[in-house]
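Only one structure is covered here, and it is reproduced in the block below.
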Amino acid sequence: MINKQDICGRFFSCYGEYSRRGLAKLLGVSQPTVTEWSSGGRVPWNKLKYLSDSQGVSWDWLIDGLEPKLSRKKPRTPESTRPEFDAAPINERFFSLFQPMSQSTIARTFEIAPASVHEWSSDKSRVPWNRLDYAVRHFGVRWDWLLDGVDPKYR
């Protein structure tokens, strides 16, 4: 289960040298927004992606606290402080784990409508975080692989 409070703590630990005002400016949000994230324990996923992309921080460390903190991907300067997750490669890696299951079998596994699984498979929407979390835990894959395609695949 994804623990957003722990993720929040790890996120803020990466920006320890910044004041709330400085962090707000860096991330393109208001200072009250940063305070709300800190006190509420919820950092938006696109800000986590910005951190991961800009500093090369491992998703496995961010989400589950697993070492090492830095991933094998090289830090890069993101074009925006609000990067989007590209659904297609994430969905493709997700579905590769369920081979040779049919979409209807996957839908039954999650107790959801087959239409939802079809939307994921046709990249009309990204697989929801709770389903990605299931895949990480059930198949023993790494978040870094699932979200960014960074090897190794398994923990």
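Letters for chains follow the order of the structure tokens (A, B, ...), residue numbers begin at 1 for each chain, and ligand numbers begin at 1 in the order shown.
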Using only C-alpha atoms, I'd like a table of the residues in stretch 77-120 of chain A that come within 10 Å of stretch 35-49 of chain A; for each, show the closest atom pair and its distance in Å rounded to one decimal, ordered by chain and ascending number, as a Markdown table.
```
| residue | atom | partner | partner_atom | distance |
| --- | --- | --- | --- | --- |
| A:Pro78 | CA | A:Lys49 | CA | 9.4 |
| A:Ser80 | CA | A:Asn46 | CA | 9.9 |
| A:Thr81 | CA | A:Lys47 | CA | 6.9 |
| A:Arg82 | CA | A:Asn46 | CA | 5.5 |
| A:Pro83 | CA | A:Asn46 | CA | 5.6 |
| A:Glu84 | CA | A:Asn46 | CA | 6.3 |
| A:Phe85 | CA | A:Asn46 | CA | 7.6 |
```
### Query
Running DSSP on the backbone, which parts of chain A land in helix (DSSP H, G or I), as a PyMOL selection string?
chain A and resi 4-13+20-27+31-40+45-55+59-64+87-97+103-110+114-121+129-139+143-148
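Here atom CA of A:Asp123 and atom CA of A:Leu146 stand 15.2 Å from one another.
By only C-alpha atoms, and with residues fewer than 3 positions from stretch 103-117 of chain A along its chain excluded, the set lying at most 12 Å from it is A:Asn91, A:Phe94, A:Phe95, A:Ser96, A:Leu97, A:Phe98, A:Gln99, A:Pro100, A:Trp120, A:Ser121, A:Ser122, A:Asp123, A:Lys124, A:Ser125, A:Arg126, A:Val127, A:Pro128, A:Asn130, A:Arg131, A:Leu132, A:Tyr134, A:Ala135, A:His138.
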### Task
Check the smallest atom-to-atom distance from each of A:Val141, A:Leu147, A:Val136, A:Leu51 to A:Ala88 using only C-alpha atoms, then report the winner.
A:Leu147
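From atom CA of A:Glu92 back to atom CA of A:Ile7, the distance works out to 25.1 Å.
Note that atom CA of A:Ser71 and atom CA of A:Asp144 are 7.4 Å apart.
For stretch 149-154 of chain A, the list of residues within 9 Å, based on only C-alpha atoms and with local chain neighbours fewer than 3 positions off taken out, reads Ser71, Arg72, Lys73, Pro89, Ile90, Arg93, Phe139, Gly140, Val141, Arg142, Trp143, Asp144, Trp145 and Leu146 of chain A.
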Could you turn the residues from that selection into a file that holds N, CA, C and O atoms, as a CSV table (one decimal), in the first residue's frame?
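Heads up, here's the output in out.csv:
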```csv
chain,number,residue,atom,x,y,z
A,71,SER,N,18.6,6.6,-8.8
A,71,SER,CA,18.3,5.5,-9.7
A,71,SER,C,19.4,5.4,-10.8
A,71,SER,O,20.4,6.2,-10.7
A,72,ARG,N,19.3,4.5,-11.7
A,72,ARG,CA,20.3,4.4,-12.8
A,72,ARG,C,20.1,5.4,-13.9
A,72,ARG,O,20.8,5.5,-14.8
A,73,LYS,N,19.0,6.2,-13.8
A,73,LYS,CA,18.7,7.1,-14.9
A,73,LYS,C,19.5,8.4,-14.6
A,73,LYS,O,19.7,8.8,-13.4
A,89,PRO,N,4.0,4.0,-22.4
A,89,PRO,CA,5.0,3.0,-21.9
A,89,PRO,C,4.7,2.4,-20.6
A,89,PRO,O,5.0,1.3,-20.3
A,90,ILE,N,4.1,3.2,-19.7
A,90,ILE,CA,3.8,2.6,-18.4
A,90,ILE,C,2.7,1.5,-18.5
A,90,ILE,O,2.9,0.4,-18.0
A,93,ARG,N,4.3,-1.7,-20.0
A,93,ARG,CA,5.1,-2.5,-19.1
A,93,ARG,C,4.1,-3.1,-18.1
A,93,ARG,O,4.3,-4.3,-17.7
A,139,PHE,N,4.1,-8.8,-8.5
A,139,PHE,CA,5.1,-9.4,-9.4
A,139,PHE,C,6.6,-9.1,-9.0
A,139,PHE,O,7.5,-9.6,-9.6
A,140,GLY,N,6.8,-8.3,-8.0
A,140,GLY,CA,8.1,-8.0,-7.5
A,140,GLY,C,9.0,-7.2,-8.4
A,140,GLY,O,10.2,-7.2,-8.4
A,141,VAL,N,8.3,-6.4,-9.2
A,141,VAL,CA,9.0,-5.5,-10.1
A,141,VAL,C,9.3,-4.2,-9.3
A,141,VAL,O,8.8,-3.9,-8.3
A,142,ARG,N,10.2,-3.4,-9.9
A,142,ARG,CA,10.7,-2.1,-9.3
A,142,ARG,C,9.8,-1.0,-9.9
A,142,ARG,O,9.4,-1.0,-11.1
A,143,TRP,N,9.5,0.0,-9.1
A,143,TRP,CA,8.8,1.2,-9.5
A,143,TRP,C,9.6,1.9,-10.6
A,143,TRP,O,9.1,2.4,-11.6
A,144,ASP,N,11.0,1.9,-10.5
A,144,ASP,CA,11.8,2.6,-11.5
A,144,ASP,C,11.6,1.9,-12.9
A,144,ASP,O,11.5,2.6,-13.9
A,145,TRP,N,11.4,0.6,-12.9
A,145,TRP,CA,11.2,-0.1,-14.2
A,145,TRP,C,9.8,0.2,-14.7
A,145,TRP,O,9.6,0.6,-15.8
A,146,LEU,N,8.8,0.2,-13.8
A,146,LEU,CA,7.4,0.3,-14.2
A,146,LEU,C,7.2,1.8,-14.7
A,146,LEU,O,6.5,1.9,-15.7
```
### Query
Using only C-alpha atoms, which of the listed residues (A:Ile63, A:Lys25, A:Gln5, A:Lys69) sits closest to A:Trp129?
A:Ile63
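Each of A:Cys14, A:Asp6, A:His118, A:Gly28 was compared to A:Leu70 using only C-alpha atoms, and A:Cys14 turns out to be the nearest.
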### Task
Tell me which of A:Asp86, A:Gly9, A:Ser52, A:Asp133 sits closest to A:Gly65, counting only C-alpha atoms.
A:Gly9
